[in-house]
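This report concerns only the one structure given below.
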There are 2 protein chains.
Amino acid sequence: MRLCNQYELPIVPQGGLTGLSGGAVPVSGGVALSTDRMSGIISVDPDNFCLTAWAGTPLETVQNAAREFGLEYPVDIGARGSATVGGTIATNAGGIRVIRHGMTRQHVLGLEVVLADGTVLSNLRSMIKDNAGYDLKQIFIGSEGTLGIVTRAVLKLCPAPTQRNTALLGLADYASGLACLGSARRSFEAQLTAFEGMWPYYWDLATSMKLSGRAPLKGGHGLYVLLETSGHDLAAFEEWLAECFESGLVEDGAIAQSLSDINDFWSVREAIGEVDHVIGPHLNFDIGLQPSALGEFVSVCEAALTDLATGPTLYVGHIGDGNLHVIVPVREHSNDYVWEIENRVFGILSEREGTVTAEHGVGLLKRDWLNRTRRPEEIQLMRHLKSCLDPKSLLNPGKVIPT
Amino acid sequence: MRLCNQYELPIVPQGGLTGLSGGAVPVSGGVALSTDRMSGIISVDPDNFCLTAWAGTPLETVQNAAREFGLEYPVDIGARGSATVGGTIATNAGGIRVIRHGMTRQHVLGLEVVLADGTVLSNLRSMIKDNAGYDLKQIFIGSEGTLGIVTRAVLKLCPAPTQRNTALLGLADYASGLACLGSARRSFEAQLTAFEGMWPYYWDLATSMKLSGRAPLKGGHGLYVLLETSGHDLAAFEEWLAECFESGLVEDGAIAQSLSDINDFWSVREAIGEVDHVIGPHLNFDIGLQPSALGEFVSVCEAALTDLATGPTLYVGHIGDGNLHVIVPVREHSNDYVWEIENRVFGILSEREGTVTAEHGVGLLKRDWLNRTRRPEEIQLMRHLKSCLDPKSLLNPGKVIPT
């Protein structure tokens with residue numbers, strides 16, 4: 001890093017290369033800096049519920065190390081086998097348990113980063129509470145390698161849940177989904193650990209791909225919800241579901257009876273990583289809105305794309321967090337055509353004060369749309385920070401901040 | 001703010017004036033900027049579990065507004081009646097439920113701040129997930145008014161717990177306390193909402209002040225724990241406590257049977273705000289360490305202060321978060337004498353990689369000790385950030401960063 005600074009060579013940090021926004025793509029020459037060999041758990045401290053790891057450690061390795069002590073690292077994403085500690089911190093990864101556990105930011109207790117000039121900024125303490133001056137790690141978390149390179153981290157762990165209950169629900173429409181979310185949040189409080197939504201076209205496609213045997217639910221619903229509670233009593237869970245049936249909130253539902261059921265249920269939700277091959281050329285969006293606005297967003301978006309998309313758009317995501325992944329089938333990837341689709345989707349979002357990326361990050365692909373979700377003063381301050389911390393613009397140049 | 005910038009007048013922001021580190025004390029002339037009249041709830045959005053408020057709104061007003069919708073704003077501190085939204089954000093307030101809910105930082109979804117040159121940086125969106133560029137609000141949270149002035153905020157709410165169980169426990173020593181903490185964390189998971197510790201001398205003093213009637217526990221223990229679970233079944237709570245008795249982990253214990261019991265139990269813990277008058281001149285510390293290190297810290301600290309303190313030191317705090325408040329009775333406030341006591345306490349902390357302030361903040365009082373807990377490169381980067389965001393050094397000058 002010191003040499004790169006001296007010779008003014010750009011540096012593009014690379015972790016597991018599972019990013020979806022082009023953040024790890026080298027675009028201006030220079031050095032691609034892989035954390036591949038900075039891998040491994042340094043220590044696990046079960047008394048203080050934390051773990052220290054190198055940046056290149058795969059997320060799944062961290063999860064497994066915690067599990068050996070009856071603990072859990074609750075950040076979880078489909079790419080857990082390849083995505084690294086450093087990458088998930090640099091992109092502030094979200095995933096399937098944000099509704100309960102928050103984003104990666106909430107799990108970083110200590111951080112070591114290397115600054116643009118080679119200075120090692122190291123604070124590998126593991127305190128939950130520490131208000132001694134500016135919380136510098138916050139600047140680097142989610143900055144996508146444009147302000148510093150993560151080398152080591154202390155991660156917060158929590159007790160592994162004693163019991164997980166998983167259910168698949170069929171509902172009439174998004175309004176029922178929102179009411180069901182409210183009821184689940186109030187009934188299960190901190191024990192609600194996932195509330196994922198799938199719109200009909202996604203459901204049909206994913207179940208046909210993943211559920212070789214009997215389907216846990218018949219189709220024909222307006223919305224499908226995958227719901228998970230942790231540490232919660234099965235009887236109370238069944239009681240809640242029975243009430244949802246009686247009140248008409250839920251049309252159909254199934255509770256996982258075995259580990260194999262749980263895997264089946266989740267496989268439908270996680271099939272998003274595999275639909276790519278089935279639907280042909282497409283564009284990926286990772287939009288964020290208030291949960292209450294998602295239903296209307298889907299209707300408006302669907303109508304706005306009918307003349308551009310080559311087939312029905314897929315909607316699936318973390319509705320408890322207001323985060324949808326939108327997959328639009330397209331006929332080609334020509335600039336004008338892609339721009340027109342993005343412009344419509346981000347225009348709809350912008351009117352509703354949404355975000356152009358809830359969890360995947362800006363990288364290269366969302367950079368020029370940042371002004372649809374951030375005010376000029378915000379982008380100005382980002383640019384100012386970047387020039388303060390990386391005056392020669394060597395760290396992951398061309399990413400995040402619009403030129 | 002624009003005029004102050006033009007005429008180079010320093011600005012000292014003031015909220016509820018409940019800070020304990022001198023952060024709101026004007027030290028270099030200029031303007032004291034009170035948020036007193038920027039007060040009130042702007043909106044509550046129960047569907048999306050959030051609330052928007054002006055900076056001058058008292059914390060308790062926010063808690064009450066949430067409660068009207070069956071929701072909770074879980075940041076809670078003894079000074080809730082006076083401390084403001086802006087002040088709690090500027091100091092990243094902690095309090096009694098950090099073990100479950102984290103610090104104030106985790107509850108800020110949107111923030112409006114005014115920068116040193118008068119620029120209004122406003123992002124009052126309420127999304128849980130938003131990775132569109134640098135998360136600028138993180139820079140201002142906990143910066144104690146030295147980088148910008150908070151004017152409005154969107155705060156995250158959670159469902160109000162349906163049931164709270166509160167217990168007071170008497171234990172033999174800190175090792176039992178740590179084992180009890182581990183057991184409680186694993187048994188109650190996300191439902192453990194407080195785990196507070198009181199050392200014997202504090203307990204004796206506080207109970208003599210607060211419990212006019214029968215004491216819930218006889219004295220004579222080595223450590224007292226106030227434990228709270230939320231949303232958890234009373235029978236399971238009693239069962240856990242019975243196991244703790246049987247295994248010898250707990251010597252004595254009482255479960256609150258009424259709201260009056262709950263208030264009684266907490267009044268002993270919150271008496272820390274009133275012991276001042278009883279013990280005479282004293283120094284306050286707000287130290288942070290790993291939970292596993294607190295017991296040994298207390299022994300070493302006690303021994304190190306015997307020849308300096310005028311009586312036994314009081315130890316009380318959030319042991320689940322590794323945060324102790326230490327009250328040292330002193331004979332006077334002369335500089336050399338105070339320096340000698342602080343030097344010993346912070347020396348012990350520094351050797352154990354602790355922090356000089358876990359939740360109260362640096363302000364004026366801890367500023368010159370920051371180097372006991374932060375490396376030179378960290379302080380250098382804080383200074384650099386300060387000069388980037390406040391080049392004329394007008395925002396709360398003299399605070400946080402060592403001169």
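Quick note on naming: the chains in the structure tokens go A, B, ... in the order shown, residues restart at 1 in each chain, and ligands are numbered from 1 in order of appearance.
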
If you run DSSP on this backbone, which residues of stretch 98-198 of chain A come out as alpha helix (DSSP H), and could you give them as a ChimeraX atom specification?
/A:98-101,137-140,174-188

Dump as an mmCIF file, in the first residue's frame, selection limited to N, CA and C atoms:
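part.cif, written as the output of this step:
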data_model
loop_
_atom_site.group_PDB
_atom_site.id
_atom_site.type_symbol
_atom_site.label_atom_id
_atom_site.label_comp_id
_atom_site.auth_asym_id
_atom_site.auth_seq_id
_atom_site.Cartn_x
_atom_site.Cartn_y
_atom_site.Cartn_z
ATOM 1 N N VAL A 98 -31.655 -9.497 8.799
ATOM 2 C CA VAL A 98 -31.514 -8.084 9.170
ATOM 3 C C VAL A 98 -32.651 -7.629 10.072
ATOM 4 N N ILE A 99 -33.845 -8.163 9.840
ATOM 5 C CA ILE A 99 -35.004 -7.732 10.640
ATOM 6 C C ILE A 99 -34.739 -7.920 12.130
ATOM 7 N N ARG A 100 -33.958 -8.929 12.485
ATOM 8 C CA ARG A 100 -33.636 -9.165 13.883
ATOM 9 C C ARG A 100 -32.252 -8.627 14.253
ATOM 10 N N HIS A 101 -31.281 -8.855 13.375
ATOM 11 C CA HIS A 101 -29.896 -8.634 13.767
ATOM 12 C C HIS A 101 -29.237 -7.411 13.135
ATOM 13 N N LYS A 137 -14.206 3.349 12.797
ATOM 14 C CA LYS A 137 -14.542 2.179 11.962
ATOM 15 C C LYS A 137 -15.788 2.410 11.127
ATOM 16 N N GLN A 138 -16.708 3.235 11.635
ATOM 17 C CA GLN A 138 -17.956 3.482 10.901
ATOM 18 C C GLN A 138 -17.703 4.086 9.519
ATOM 19 N N ILE A 139 -16.628 4.841 9.401
ATOM 20 C CA ILE A 139 -16.312 5.487 8.120
ATOM 21 C C ILE A 139 -15.980 4.451 7.055
ATOM 22 N N PHE A 140 -15.327 3.381 7.469
ATOM 23 C CA PHE A 140 -14.839 2.386 6.505
ATOM 24 C C PHE A 140 -15.878 1.303 6.193
ATOM 25 N N TYR A 174 -50.339 -7.888 -1.035
ATOM 26 C CA TYR A 174 -49.320 -7.277 -0.203
ATOM 27 C C TYR A 174 -49.900 -6.636 1.059
ATOM 28 N N ALA A 175 -51.142 -6.130 0.961
ATOM 29 C CA ALA A 175 -51.762 -5.530 2.157
ATOM 30 C C ALA A 175 -51.858 -6.572 3.278
ATOM 31 N N SER A 176 -52.217 -7.792 2.918
ATOM 32 C CA SER A 176 -52.241 -8.875 3.915
ATOM 33 C C SER A 176 -50.836 -9.154 4.426
ATOM 34 N N GLY A 177 -49.854 -9.085 3.518
ATOM 35 C CA GLY A 177 -48.461 -9.311 3.906
ATOM 36 C C GLY A 177 -48.003 -8.308 4.947
ATOM 37 N N LEU A 178 -48.373 -7.053 4.729
ATOM 38 C CA LEU A 178 -47.970 -5.994 5.654
ATOM 39 C C LEU A 178 -48.643 -6.177 7.015
ATOM 40 N N ALA A 179 -49.921 -6.547 6.985
ATOM 41 C CA ALA A 179 -50.654 -6.782 8.241
ATOM 42 C C ALA A 179 -50.043 -7.982 8.977
ATOM 43 N N CYS A 180 -49.663 -8.997 8.207
ATOM 44 C CA CYS A 180 -49.065 -10.198 8.779
ATOM 45 C C CYS A 180 -47.694 -9.870 9.398
ATOM 46 N N LEU A 181 -46.939 -9.026 8.712
ATOM 47 C CA LEU A 181 -45.640 -8.574 9.232
ATOM 48 C C LEU A 181 -45.819 -7.847 10.565
ATOM 49 N N GLY A 182 -46.796 -6.925 10.603
ATOM 50 C CA GLY A 182 -47.053 -6.181 11.839
ATOM 51 C C GLY A 182 -47.423 -7.124 12.971
ATOM 52 N N SER A 183 -48.296 -8.076 12.665
ATOM 53 C CA SER A 183 -48.727 -9.041 13.682
ATOM 54 C C SER A 183 -47.554 -9.903 14.154
ATOM 55 N N ALA A 184 -46.726 -10.355 13.214
ATOM 56 C CA ALA A 184 -45.571 -11.198 13.576
ATOM 57 C C ALA A 184 -44.575 -10.409 14.415
ATOM 58 N N ARG A 185 -44.320 -9.152 14.047
ATOM 59 C CA ARG A 185 -43.363 -8.346 14.812
ATOM 60 C C ARG A 185 -43.843 -8.152 16.243
ATOM 61 N N ARG A 186 -45.132 -7.868 16.371
ATOM 62 C CA ARG A 186 -45.658 -7.618 17.716
ATOM 63 C C ARG A 186 -45.793 -8.915 18.523
ATOM 64 N N SER A 187 -46.087 -10.023 17.862
ATOM 65 C CA SER A 187 -46.247 -11.288 18.595
ATOM 66 C C SER A 187 -44.912 -11.904 18.980
ATOM 67 N N PHE A 188 -43.938 -11.841 18.055
ATOM 68 C CA PHE A 188 -42.680 -12.548 18.302
ATOM 69 C C PHE A 188 -41.563 -11.618 18.764
#

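Near stretch 311-323 of chain B, within a cut-off of 6 Å and counting only C-alpha atoms, sit the residues Ile128 of chain A; Ile99, Phe195, Glu196, Gly197, Met198, Trp199, Tyr202, Ile287, Gly288, Leu289, Gln290, Pro291 and Pro329 of chain B, with same-chain residues fewer than 6 positions away left out.
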
Skip stretch 166-170 of chain A itself and residues of its chain fewer than 6 positions away, then list as a count of residues only all residues within 8 Å of it, counting only C-alpha atoms.
21

For B:Arg37: contacts at 9 Å, only C-alpha atoms, fewer than 3 positions along chain excluded, given as a JSON list (two decimals) with N, CA, C and O atoms, in the first residue's frame:
[["chain", "number", "residue", "atom", "x", "y", "z"],
["B", 34, "SER", "N", -28.77, 26.53, 22.03],
["B", 34, "SER", "CA", -29.68, 25.59, 22.69],
["B", 34, "SER", "C", -30.72, 25.07, 21.70],
["B", 34, "SER", "O", -31.22, 25.81, 20.86],
["B", 40, "GLY", "N", -40.23, 18.54, 19.94],
["B", 40, "GLY", "CA", -41.52, 17.95, 19.60],
["B", 40, "GLY", "C", -41.40, 16.79, 18.64],
["B", 40, "GLY", "O", -40.44, 16.66, 17.89],
["B", 56, "GLY", "N", -34.43, 18.88, 20.04],
["B", 56, "GLY", "CA", -34.59, 19.29, 21.44],
["B", 56, "GLY", "C", -35.63, 18.49, 22.22],
["B", 56, "GLY", "O", -35.87, 18.74, 23.40],
["B", 57, "THR", "N", -36.24, 17.50, 21.58],
["B", 57, "THR", "CA", -37.28, 16.69, 22.24],
["B", 57, "THR", "C", -36.67, 15.84, 23.35],
["B", 57, "THR", "O", -35.70, 15.12, 23.12]]

What lies within 10 Å of B:Glu377 using only C-alpha atoms, ignoring chain neighbours under 2 positions off, as a list in words?
Thr119, Val120, Leu121 and Ser122 of chain A; Arg374, Arg375, Ile379, Gln380, Leu381, Met382 and Arg383 of chain B

Residue neighbourhood A:Phe285, 9 Å, only C-alpha atoms, exclusion window fewer than 2 positions, as a PDB file with all heavy atoms, in the first residue's frame:
ATOM      1  N   LEU A 283     -31.761  -7.689 -15.992  1.00  0.00           N
ATOM      2  CA  LEU A 283     -31.132  -6.669 -15.137  1.00  0.00           C
ATOM      3  C   LEU A 283     -31.531  -6.935 -13.698  1.00  0.00           C
ATOM      4  O   LEU A 283     -32.670  -7.312 -13.419  1.00  0.00           O
ATOM      5  CB  LEU A 283     -31.625  -5.273 -15.530  1.00  0.00           C
ATOM      6  CG  LEU A 283     -31.191  -4.724 -16.891  1.00  0.00           C
ATOM      7  CD1 LEU A 283     -31.784  -3.330 -17.091  1.00  0.00           C
ATOM      8  CD2 LEU A 283     -29.656  -4.661 -16.963  1.00  0.00           C
ATOM      9  N   ILE A 287     -33.640  -2.699  -4.650  1.00  0.00           N
ATOM     10  CA  ILE A 287     -34.224  -1.424  -4.225  1.00  0.00           C
ATOM     11  C   ILE A 287     -34.640  -1.453  -2.744  1.00  0.00           C
ATOM     12  O   ILE A 287     -34.894  -2.512  -2.172  1.00  0.00           O
ATOM     13  CB  ILE A 287     -35.426  -1.050  -5.104  1.00  0.00           C
ATOM     14  CG1 ILE A 287     -36.591  -2.032  -4.894  1.00  0.00           C
ATOM     15  CG2 ILE A 287     -35.050  -1.045  -6.581  1.00  0.00           C
ATOM     16  CD1 ILE A 287     -37.672  -1.536  -4.037  1.00  0.00           C
ATOM     17  N   LEU A 324     -36.298  -5.082  -1.763  1.00  0.00           N
ATOM     18  CA  LEU A 324     -36.701  -6.039  -2.797  1.00  0.00           C
ATOM     19  C   LEU A 324     -35.617  -6.205  -3.842  1.00  0.00           C
ATOM     20  O   LEU A 324     -34.975  -5.232  -4.250  1.00  0.00           O
ATOM     21  CB  LEU A 324     -37.947  -5.544  -3.536  1.00  0.00           C
ATOM     22  CG  LEU A 324     -39.309  -5.788  -2.924  1.00  0.00           C
ATOM     23  CD1 LEU A 324     -40.383  -5.526  -3.988  1.00  0.00           C
ATOM     24  CD2 LEU A 324     -39.444  -7.207  -2.401  1.00  0.00           C
ATOM     25  N   HIS A 325     -35.446  -7.445  -4.277  1.00  0.00           N
ATOM     26  CA  HIS A 325     -34.618  -7.701  -5.442  1.00  0.00           C
ATOM     27  C   HIS A 325     -35.558  -7.842  -6.628  1.00  0.00           C
ATOM     28  O   HIS A 325     -36.532  -8.609  -6.575  1.00  0.00           O
ATOM     29  CB  HIS A 325     -33.774  -8.947  -5.213  1.00  0.00           C
ATOM     30  CG  HIS A 325     -32.902  -8.810  -3.998  1.00  0.00           C
ATOM     31  ND1 HIS A 325     -32.026  -7.762  -3.846  1.00  0.00           N
ATOM     32  CD2 HIS A 325     -32.820  -9.529  -2.851  1.00  0.00           C
ATOM     33  CE1 HIS A 325     -31.424  -7.863  -2.676  1.00  0.00           C
ATOM     34  NE2 HIS A 325     -31.885  -8.925  -2.046  1.00  0.00           N
ATOM     35  N   VAL A 326     -35.285  -7.093  -7.669  1.00  0.00           N
ATOM     36  CA  VAL A 326     -36.150  -7.026  -8.839  1.00  0.00           C
ATOM     37  C   VAL A 326     -35.334  -7.505 -10.029  1.00  0.00           C
ATOM     38  O   VAL A 326     -34.243  -6.994 -10.276  1.00  0.00           O
ATOM     39  CB  VAL A 326     -36.630  -5.570  -9.062  1.00  0.00           C
ATOM     40  CG1 VAL A 326     -37.536  -5.485 -10.280  1.00  0.00           C
ATOM     41  CG2 VAL A 326     -37.327  -5.036  -7.809  1.00  0.00           C
ATOM     42  N   ILE A 327     -35.831  -8.513 -10.706  1.00  0.00           N
ATOM     43  CA  ILE A 327     -35.104  -9.059 -11.855  1.00  0.00           C
ATOM     44  C   ILE A 327     -35.950  -8.827 -13.111  1.00  0.00           C
ATOM     45  O   ILE A 327     -37.053  -9.367 -13.238  1.00  0.00           O
ATOM     46  CB  ILE A 327     -34.814 -10.562 -11.667  1.00  0.00           C
ATOM     47  CG1 ILE A 327     -33.980 -10.752 -10.384  1.00  0.00           C
ATOM     48  CG2 ILE A 327     -34.059 -11.124 -12.869  1.00  0.00           C
ATOM     49  CD1 ILE A 327     -33.684 -12.197 -10.060  1.00  0.00           C
ATOM     50  N   VAL A 328     -35.424  -8.010 -13.997  1.00  0.00           N
ATOM     51  CA  VAL A 328     -36.164  -7.621 -15.200  1.00  0.00           C
ATOM     52  C   VAL A 328     -35.566  -8.341 -16.413  1.00  0.00           C
ATOM     53  O   VAL A 328     -34.405  -8.111 -16.760  1.00  0.00           O
ATOM     54  CB  VAL A 328     -36.070  -6.088 -15.416  1.00  0.00           C
ATOM     55  CG1 VAL A 328     -36.898  -5.666 -16.626  1.00  0.00           C
ATOM     56  CG2 VAL A 328     -36.486  -5.327 -14.170  1.00  0.00           C
ATOM     57  N   GLU A 342     -33.523   1.407 -16.328  1.00  0.00           N
ATOM     58  CA  GLU A 342     -33.041   1.900 -15.025  1.00  0.00           C
ATOM     59  C   GLU A 342     -33.682   3.243 -14.688  1.00  0.00           C
ATOM     60  O   GLU A 342     -34.092   3.493 -13.552  1.00  0.00           O
ATOM     61  CB  GLU A 342     -31.508   2.007 -15.036  1.00  0.00           C
ATOM     62  CG  GLU A 342     -30.835   0.634 -15.124  1.00  0.00           C
ATOM     63  CD  GLU A 342     -29.314   0.693 -15.048  1.00  0.00           C
ATOM     64  OE1 GLU A 342     -28.723   1.729 -15.432  1.00  0.00           O
ATOM     65  OE2 GLU A 342     -28.715  -0.295 -14.587  1.00  0.00           O
ATOM     66  N   VAL A 345     -37.237   2.637 -13.379  1.00  0.00           N
ATOM     67  CA  VAL A 345     -37.283   2.036 -12.027  1.00  0.00           C
ATOM     68  C   VAL A 345     -36.813   3.051 -10.982  1.00  0.00           C
ATOM     69  O   VAL A 345     -37.470   3.265  -9.954  1.00  0.00           O
ATOM     70  CB  VAL A 345     -36.425   0.750 -11.966  1.00  0.00           C
ATOM     71  CG1 VAL A 345     -36.336   0.232 -10.536  1.00  0.00           C
ATOM     72  CG2 VAL A 345     -36.990  -0.321 -12.888  1.00  0.00           C
ATOM     73  N   VAL A 356     -31.524   3.396  -4.284  1.00  0.00           N
ATOM     74  CA  VAL A 356     -31.156   2.628  -5.476  1.00  0.00           C
ATOM     75  C   VAL A 356     -30.389   1.360  -5.112  1.00  0.00           C
ATOM     76  O   VAL A 356     -30.224   0.481  -5.942  1.00  0.00           O
ATOM     77  CB  VAL A 356     -30.329   3.471  -6.478  1.00  0.00           C
ATOM     78  CG1 VAL A 356     -31.151   4.689  -6.931  1.00  0.00           C
ATOM     79  CG2 VAL A 356     -29.009   3.926  -5.881  1.00  0.00           C
ATOM     80  N   THR A 357     -29.900   1.278  -3.876  1.00  0.00           N
ATOM     81  CA  THR A 357     -29.306   0.019  -3.423  1.00  0.00           C
ATOM     82  C   THR A 357     -29.449  -0.119  -1.920  1.00  0.00           C
ATOM     83  O   THR A 357     -28.903   0.665  -1.140  1.00  0.00           O
ATOM     84  CB  THR A 357     -27.833  -0.157  -3.862  1.00  0.00           C
ATOM     85  OG1 THR A 357     -27.327  -1.347  -3.259  1.00  0.00           O
ATOM     86  CG2 THR A 357     -26.966   1.026  -3.474  1.00  0.00           C
TER      87      THR A 357
END

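Remark: for chain A, the closest of the candidate residues B:Gln63, B:Ser267, B:Asn284, B:Asn92 is B:Asn92 (distances computed over only C-alpha atoms).
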
Could you go through stretch 289-360 of chain B and tell me which residues DSSP, when run on the backbone, assigns to strand (DSSP E or B), listing them as a list in words?
Leu314, Tyr315, Val316, Gly317, His318, Asn323, Leu324, His325, Val326, Ile327, Val328, Pro329, Thr355 and Thr357 of chain B
